[in-house]
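Colleague: Below is the file coords_22.csv, with CSV, C-alpha atoms and all ligand atoms.
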```
chain,number,residue,atom,x,y,z
N,616,MET,CA,-18.8,-20.8,-50.3
N,617,VAL,CA,-16.1,-18.8,-48.6
N,618,ASN,CA,-14.1,-16.6,-51.0
N,619,LYS,CA,-10.8,-14.9,-50.5
N,620,THR,CA,-12.3,-11.6,-49.4
N,621,HIS,CA,-14.3,-13.3,-46.7
N,622,LEU,CA,-11.2,-15.2,-45.6
N,623,LEU,CA,-9.2,-12.0,-45.4
N,624,ILE,CA,-11.9,-10.2,-43.4
N,625,PHE,CA,-12.1,-13.1,-41.1
N,626,LEU,CA,-8.3,-13.1,-40.6
N,627,PHE,CA,-8.2,-9.3,-39.9
N,628,TRP,CA,-11.1,-9.8,-37.4
N,629,LEU,CA,-9.2,-12.6,-35.7
N,630,ILE,CA,-6.0,-10.6,-35.5
N,631,PHE,CA,-7.9,-7.6,-34.1
N,632,MET,CA,-9.7,-9.7,-31.5
N,633,MET,CA,-6.5,-11.5,-30.4
N,634,SER,CA,-4.6,-8.2,-30.0
N,635,HIS,CA,-7.6,-6.8,-28.1
N,636,VAL,CA,-7.6,-9.8,-25.7
N,637,VAL,CA,-3.9,-9.5,-25.1
N,638,ALA,CA,-4.2,-5.8,-24.5
N,639,LEU,CA,-7.0,-6.4,-22.0
N,640,ALA,CA,-4.9,-9.1,-20.2
N,641,GLU,CA,-1.9,-6.8,-19.9
N,642,ASP,CA,-3.9,-3.7,-19.1
N,643,PRO,CA,-4.0,-4.0,-15.3
N,644,LYS,CA,-0.2,-4.5,-15.2
N,645,LEU,CA,0.3,-1.1,-16.8
N,646,ALA,CA,-1.1,0.5,-13.7
N,647,LEU,CA,0.8,-1.6,-11.2
N,648,PRO,CA,3.3,0.3,-9.0
N,649,HIS,CA,6.9,-0.7,-9.0
N,650,MET,CA,7.6,-3.1,-6.1
N,651,VAL,CA,10.7,-2.0,-4.1
N,652,PHE,CA,12.9,-4.7,-2.6
N,653,VAL,CA,13.1,-4.1,1.1
N,654,LYS,CA,16.1,-5.8,2.8
N,655,GLY,CA,14.9,-7.2,6.2
N,656,ASN,CA,16.7,-6.7,9.5
N,657,CYS,CA,16.0,-6.2,13.2
N,658,PHE,CA,14.8,-2.8,14.4
N,659,GLU,CA,13.2,-1.1,17.4
N,660,MET,CA,9.5,-1.1,16.6
N,661,GLY,CA,7.2,1.4,18.4
N,662,ASP,CA,7.4,4.8,19.9
N,663,THR,CA,11.1,5.3,20.3
N,664,PHE,CA,10.6,9.1,20.8
N,665,ASN,CA,8.3,8.5,23.8
N,666,GLU,CA,5.8,11.0,22.5
N,667,GLY,CA,2.9,8.8,21.2
N,668,GLN,CA,-0.1,6.9,22.4
N,669,GLN,CA,0.0,4.0,24.9
N,670,ASN,CA,-0.6,1.4,22.1
N,671,GLU,CA,2.7,2.4,20.5
N,672,MET,CA,4.5,1.2,23.7
N,673,PRO,CA,6.8,-0.4,24.6
N,674,PRO,CA,9.4,-0.1,21.9
N,675,HIS,CA,10.6,-3.6,21.3
N,676,GLU,CA,13.0,-5.4,19.0
N,677,VAL,CA,11.5,-7.0,15.9
N,678,CYS,CA,13.2,-8.8,13.1
N,679,ILE,CA,11.6,-9.2,9.7
N,680,ASP,CA,12.6,-11.1,6.5
N,681,ASP,CA,13.2,-9.5,3.1
N,682,PHE,CA,10.0,-8.5,1.3
N,683,TYR,CA,8.6,-6.2,-1.4
N,684,MET,CA,6.7,-3.0,-0.9
N,685,ALA,CA,4.9,-1.0,-3.5
N,686,GLU,CA,6.3,2.4,-4.1
N,687,SER,CA,2.9,4.0,-4.0
N,688,GLU,CA,-0.6,3.5,-2.7
N,689,VAL,CA,-3.0,1.6,-5.0
N,690,THR,CA,-4.5,4.2,-7.4
N,691,GLN,CA,-8.1,4.6,-8.5
N,692,LEU,CA,-6.9,3.6,-12.0
N,693,LEU,CA,-5.6,0.2,-10.9
N,694,TRP,CA,-8.6,-0.4,-8.7
N,695,ALA,CA,-11.0,0.4,-11.6
N,696,LYS,CA,-9.1,-1.9,-14.0
N,697,ILE,CA,-9.4,-4.8,-11.6
N,698,MET,CA,-12.8,-4.2,-10.0
N,699,ASN,CA,-14.7,-2.4,-12.8
N,700,ASP,CA,-15.8,0.3,-10.3
N,701,ASN,CA,-14.4,3.2,-8.4
N,702,PRO,CA,-16.0,3.8,-5.0
N,703,SER,CA,-13.6,6.6,-4.1
N,704,GLY,CA,-15.1,9.7,-2.5
N,705,PHE,CA,-12.7,12.0,-4.5
N,706,LYS,CA,-13.6,11.5,-8.2
N,707,ASP,CA,-12.0,12.4,-11.5
N,708,CYS,CA,-8.5,11.6,-10.3
N,709,SER,CA,-7.2,8.3,-11.7
N,710,GLN,CA,-3.8,8.8,-10.1
N,711,CYS,CA,-5.1,9.5,-6.7
N,712,PRO,CA,-5.2,6.7,-4.2
N,713,VAL,CA,-8.4,4.7,-4.2
N,714,GLU,CA,-10.3,5.2,-0.9
N,715,ASN,CA,-13.6,4.4,0.6
N,716,ILE,CA,-12.8,0.7,0.4
N,717,SER,CA,-13.1,-1.8,3.2
N,718,TRP,CA,-10.4,-4.2,4.4
N,719,HIS,CA,-12.5,-7.1,3.0
N,720,GLN,CA,-12.7,-5.4,-0.4
N,721,THR,CA,-8.9,-5.1,-0.5
N,722,GLN,CA,-8.8,-8.9,-0.2
N,723,ILE,CA,-11.2,-9.3,-3.1
N,724,PHE,CA,-9.1,-6.9,-5.1
N,725,ILE,CA,-5.9,-8.8,-4.3
N,726,GLY,CA,-7.4,-12.1,-5.2
N,727,LYS,CA,-8.5,-10.9,-8.6
N,728,LEU,CA,-5.1,-9.2,-9.2
N,729,ASN,CA,-3.3,-12.3,-8.3
N,730,ASN,CA,-5.4,-14.3,-10.7
N,731,ILE,CA,-4.6,-12.0,-13.5
N,732,THR,CA,-0.9,-11.5,-12.8
N,733,LYS,CA,-0.1,-15.0,-11.4
N,734,LYS,CA,1.7,-13.3,-8.5
N,735,THR,CA,1.0,-13.4,-4.8
N,736,PHE,CA,0.5,-9.8,-3.8
N,737,ARG,CA,-0.8,-9.2,-0.3
N,738,LEU,CA,-1.1,-6.4,2.3
N,739,PRO,CA,2.0,-5.7,4.4
N,740,SER,CA,2.1,-6.8,8.0
N,741,GLU,CA,2.1,-4.1,10.6
N,742,ALA,CA,5.8,-4.7,11.3
N,743,GLU,CA,6.7,-4.6,7.6
N,744,TRP,CA,4.8,-1.4,7.2
N,745,GLU,CA,6.5,0.4,10.0
N,746,TYR,CA,10.0,-0.9,9.0
N,747,ALA,CA,9.4,0.3,5.4
N,748,ALA,CA,7.9,3.7,6.5
N,749,ARG,CA,11.0,4.3,8.6
N,750,SER,CA,13.3,3.8,5.6
N,751,GLY,CA,14.4,0.4,6.9
N,752,GLY,CA,13.8,0.7,10.6
N,753,LYS,CA,15.5,4.0,11.2
N,754,GLN,CA,14.3,6.4,13.9
N,755,GLU,CA,12.1,8.5,11.7
N,756,ARG,CA,9.2,10.5,13.1
N,757,TRP,CA,7.7,10.8,9.6
N,758,SER,CA,8.6,8.7,6.6
N,759,GLY,CA,11.9,9.9,5.4
N,760,ILE,CA,12.4,12.8,7.9
N,761,ASN,CA,12.5,13.9,11.5
N,762,GLU,CA,12.1,17.7,11.1
N,763,GLN,CA,8.6,19.0,11.0
N,764,THR,CA,9.7,21.9,8.8
N,765,ALA,CA,10.4,19.4,6.0
N,766,LEU,CA,7.0,17.7,6.3
N,767,PRO,CA,5.2,19.7,3.6
N,768,HIS,CA,7.8,18.4,1.1
N,769,PHE,CA,7.2,14.7,2.0
N,770,SER,CA,3.6,14.4,2.8
N,771,TRP,CA,0.0,15.4,2.1
N,772,TYR,CA,-1.6,16.1,5.5
N,773,GLY,CA,-4.0,18.5,7.1
N,774,ALA,CA,-1.9,21.6,6.7
N,775,ASN,CA,-1.3,21.4,2.9
N,776,SER,CA,-3.9,19.0,1.4
N,777,ALA,CA,-6.8,21.4,0.9
N,778,ARG,CA,-8.8,18.6,2.6
N,779,GLN,CA,-8.6,16.1,-0.2
N,780,THR,CA,-6.4,13.2,-1.6
N,781,HIS,CA,-3.7,14.0,-4.2
N,782,PRO,CA,-2.1,12.0,-7.0
N,783,VAL,CA,0.4,9.5,-5.7
N,784,MET,CA,4.2,10.1,-5.8
N,785,GLN,CA,4.1,13.9,-6.0
N,786,LYS,CA,6.0,14.4,-2.7
N,787,LYS,CA,9.5,13.2,-1.9
N,788,PRO,CA,10.0,9.5,-1.1
N,789,ASN,CA,11.8,8.1,1.9
N,790,ALA,CA,15.3,6.5,1.7
N,791,LEU,CA,13.8,3.3,0.3
N,792,GLY,CA,12.0,5.1,-2.5
N,793,LEU,CA,8.6,4.7,-1.0
N,794,TYR,CA,6.1,7.6,-1.5
N,795,ASP,CA,3.2,8.8,0.7
N,796,MET,CA,3.9,6.4,3.5
N,797,THR,CA,3.1,9.4,5.7
N,798,GLY,CA,-0.2,11.0,4.8
N,799,ASN,CA,-2.4,11.1,1.7
N,800,VAL,CA,-4.6,8.1,2.7
N,801,TRP,CA,-4.4,5.7,5.7
N,802,GLU,CA,-3.3,2.3,4.6
N,803,TRP,CA,-4.9,-1.0,5.6
N,804,ILE,CA,-2.5,-3.6,6.9
N,805,GLN,CA,-2.9,-7.4,7.1
N,806,ASP,CA,-2.9,-7.6,10.9
N,807,TRP,CA,-5.7,-7.6,13.4
N,808,HIS,CA,-5.3,-4.8,15.8
N,809,ASN,CA,-4.9,-5.0,19.6
N,810,ASP,CA,-3.8,-2.0,21.7
N,811,ASP,CA,-1.7,-4.3,23.9
N,812,TYR,CA,0.0,-6.3,21.2
N,813,TYR,CA,3.4,-4.7,21.6
N,814,GLN,CA,3.6,-6.1,25.2
N,815,LYS,CA,3.6,-9.6,23.9
N,816,SER,CA,4.6,-9.4,20.3
N,817,PRO,CA,6.9,-12.2,19.0
N,818,LYS,CA,10.3,-10.9,17.9
N,819,THR,CA,10.5,-12.6,14.5
N,820,ASN,CA,8.1,-11.6,11.7
N,821,PRO,CA,5.2,-10.7,14.1
N,822,ALA,CA,1.9,-11.1,12.3
N,823,GLY,CA,-0.5,-9.5,14.8
N,824,PRO,CA,-3.1,-11.2,17.0
N,825,SER,CA,-4.7,-14.4,15.7
N,826,GLN,CA,-8.2,-12.7,15.8
N,827,GLY,CA,-9.8,-9.4,16.6
N,828,VAL,CA,-12.6,-7.0,15.7
N,829,SER,CA,-10.6,-4.4,13.8
N,830,LYS,CA,-7.8,-4.3,11.3
N,831,GLY,CA,-4.8,-2.0,11.5
N,832,LEU,CA,-4.4,1.3,9.7
N,833,ARG,CA,-1.1,3.1,9.3
N,834,GLY,CA,0.4,6.4,8.2
N,835,GLY,CA,-2.4,8.9,8.7
N,836,SER,CA,-4.1,10.9,5.9
N,837,TRP,CA,-4.7,14.2,4.2
N,838,PHE,CA,-6.9,15.1,7.2
N,839,PHE,CA,-4.5,14.8,10.1
N,840,THR,CA,-2.1,16.9,12.2
N,841,PRO,CA,1.7,16.1,12.2
N,842,MET,CA,1.2,14.1,15.5
N,843,GLY,CA,-1.5,12.0,13.9
N,844,ILE,CA,0.6,10.9,10.9
N,845,ARG,CA,3.8,9.8,12.7
N,846,THR,CA,5.3,6.5,11.5
N,847,THR,CA,4.5,4.7,14.8
N,848,VAL,CA,0.9,5.8,15.1
N,849,ARG,CA,-1.4,2.7,15.3
N,850,ALA,CA,-5.0,3.1,14.2
N,851,ALA,CA,-7.7,0.5,13.4
N,852,SER,CA,-11.1,0.0,12.1
N,853,GLY,CA,-13.7,-2.7,11.5
N,854,PRO,CA,-12.9,-4.7,8.4
N,855,ASP,CA,-16.1,-3.7,6.7
N,856,HIS,CA,-15.7,0.0,7.5
N,857,ARG,CA,-15.1,2.4,4.6
N,858,PHE,CA,-14.0,6.0,4.7
N,859,PHE,CA,-12.7,8.5,2.2
N,860,ASP,CA,-9.3,8.7,3.8
N,861,ILE,CA,-8.6,5.0,3.9
N,862,GLY,CA,-6.8,3.2,1.1
N,863,PHE,CA,-4.0,0.6,0.9
N,864,ARG,CA,-0.6,-0.4,-0.5
N,865,LEU,CA,0.5,-3.8,-2.0
N,866,ALA,CA,3.3,-5.9,-0.6
N,867,ALA,CA,4.7,-9.3,-1.8
N,868,ASP,CA,7.0,-12.0,-0.6
N,869,VAL,CA,10.6,-11.8,-1.7
N,870,ASN,CA,10.4,-14.9,-3.9
N,871,GLU,CA,8.2,-13.0,-6.4
N,872,GLY,CA,11.3,-11.0,-7.6
N,873,LYS,CA,13.4,-12.4,-10.3
N,874,HIS,CA,16.7,-11.3,-8.7
N,875,SER,CA,17.1,-11.0,-4.9
N,876,GLY,CA,18.1,-7.4,-4.1
N,877,GLU,CA,16.2,-5.8,-6.9
N,878,GLY,CA,12.7,-4.6,-7.2
N,879,PHE,CA,10.2,-5.8,-9.7
N,880,GLY,CA,7.5,-4.5,-12.0
N,881,LEU,CA,5.1,-6.1,-14.4
P,1,CA,CA,-0.4,6.8,2.8
```
Would you mind writing the file out in structure tokens?
Modeller:
Amino acid sequence: MVNKTHLLIFLFWLIFMMSHVVALAEDPKLALPHMVFVKGNCFEMGDTFNEGQQNEMPPHEVCIDDFYMAESEVTQLLWAKIMNDNPSGFKDCSQCPVENISWHQTQIFIGKLNNITKKTFRLPSEAEWEYAARSGGKQERWSGINEQTALPHFSWYGANSARQTHPVMQKKPNALGLYDMTGNVWEWIQDWHNDDYYQKSPKTNPAGPSQGVSKGLRGGSWFFTPMGIRTTVRAASGPDHRFFDIGFRLAADVNEGKHSGEGFGL
């Protein structure tokens, strides 16, 4: 026989459990970075300063569609919410970028995140990454700037990092409002890497070689010199490789936004 007291206890328990489930479902969203709307255009991709490596040559015109780019690298907090672990080499820093994760692990993370959010997050293409890092395709040696004297205000790199990652969004953003595109951690991109790709890249929305042995990395890290963290530097590593200065950043197709021309958050 269920009396009123039992019924009340059951109802309170039910409300508590339902609110707990809702909180859990929304939890990952609280750690998601704001997605900045990036208006596509044509730009001169590659080493327009003629000071870099051979694989940054030749500069060539590329045109890309509108897309979204996360304002920050994926944090350890967001990674842990989705994956229930934190493989980062630098511990006890939930707002630091997650690192020590392979390209294949980023794909697992994105799959789970998309299941939870019902969105279609993805990694940026190499062309999208460079266009965004250069504040919309401008001639910027480092993200947001050209003068090396300003670099400590915009980036964590070898000279000011104390050889470790730092919480995201502490330095100045570039003109699109994107933080840490230069330095902090290298960022995995979607494309396979090929040193010769710029010699045969299609002009419109290039997506990299159809196959390869390594995936592209962009932006340099807390470890590197100013030359190593230029916006046009192209690095790469095997898709199962992990290292404690390699992380990633989310992108999304433009149709994920509610209003064209605005960013979105969750
Ligand atoms: Ca970075």
Colleague: Pick from N:Met796, N:Val869, N:Cys657, N:Leu791: nearest to N:Thr846, with all atoms listed in the file counted?
Modeller: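 Residue with the minimum atom-to-atom distance to N:Thr846: N:Met796.
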Colleague: Quick one: residues within 12 Å of N:Ser750, all atoms listed in the file counted, chain neighbours fewer than 4 positions away excluded, as a PyMOL selection string?
Modeller: chain N and resi 651-656+658+684+743-746+754-761+788-794+796-797+846
Colleague: Throw together the list of residues within 12 Å of ligand CA 1 (chain P), counting all atoms listed in the file, and drop it here as a ChimeraX atom specification.
Modeller: /N:685-690,711-714,744-745,748,757-758,769-772,780-784,786,788,793-804,832-839,844-846,860-865
Colleague: What separation in Å, quoted to one decimal, exists between atom CA of N:Tyr813 and atom CA of N:Lys753?
Modeller: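 Distance between the two atoms: 18.2 Å.
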Colleague: Measuring atom to atom with only C-alpha atoms, identify which of N:Ser852, N:Asp811, N:Gln722, N:Gly827 is nearest to N:Gln668.
Modeller: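 Of N:Ser852, N:Asp811, N:Gln722, N:Gly827, the one nearest N:Gln668, counting only C-alpha atoms, is N:Asp811.
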Colleague: Could you state the separation of atom CA of N:Thr735 and atom CA of N:Pro824 in Å, given to one decimal place?
Modeller: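 These two atoms are separated by 22.3 Å.
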Colleague: At what distance in Å, to one decimal, does atom CA of N:Phe736 lie from atom CA of N:Met660?
Modeller: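 Separation between atom CA of N:Met660 and atom CA of N:Phe736: 23.9 Å.
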Colleague: How would you write as a VMD selection string the residues that get within 12 Å of (5.0, -13.7, 11.7) in the file's frame, counting all atoms listed in the file?
Modeller: chain N and resid 677 to 680 739 to 743 805 to 806 816 to 825
Colleague: Select, from N:Gly667, N:Gly661, N:Gly752, N:Pro702, the residue with the minimum atom-to-atom distance to N:Asn715, counting all atoms listed in the file.
Modeller: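 Closest candidate: N:Pro702.
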Colleague: Name the closest residue to N:Lys706 among the candidates N:Gln779, N:Asn670, N:Asn729, N:Gln720; distances are taken between atoms, counting only C-alpha atoms.
Modeller: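 When distances to N:Lys706 are compared using only C-alpha atoms, the smallest one comes from N:Gln779.
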Colleague: May I ask which of the residues N:Tyr683, N:Phe724, N:Trp807, N:Trp718 is the closest one to N:Phe858, counting all atoms listed in the file?
Modeller: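 Looking only at the distances to N:Phe858, the closest residue turns out to be N:Trp718.
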Colleague: I'd like to know which of N:Asn775, N:Asn701, N:Asn809, N:Gln691 is closest to N:Ala646, using all atoms listed in the file.
Modeller: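 Checking each candidate against N:Ala646, we get N:Gln691 as the closest.
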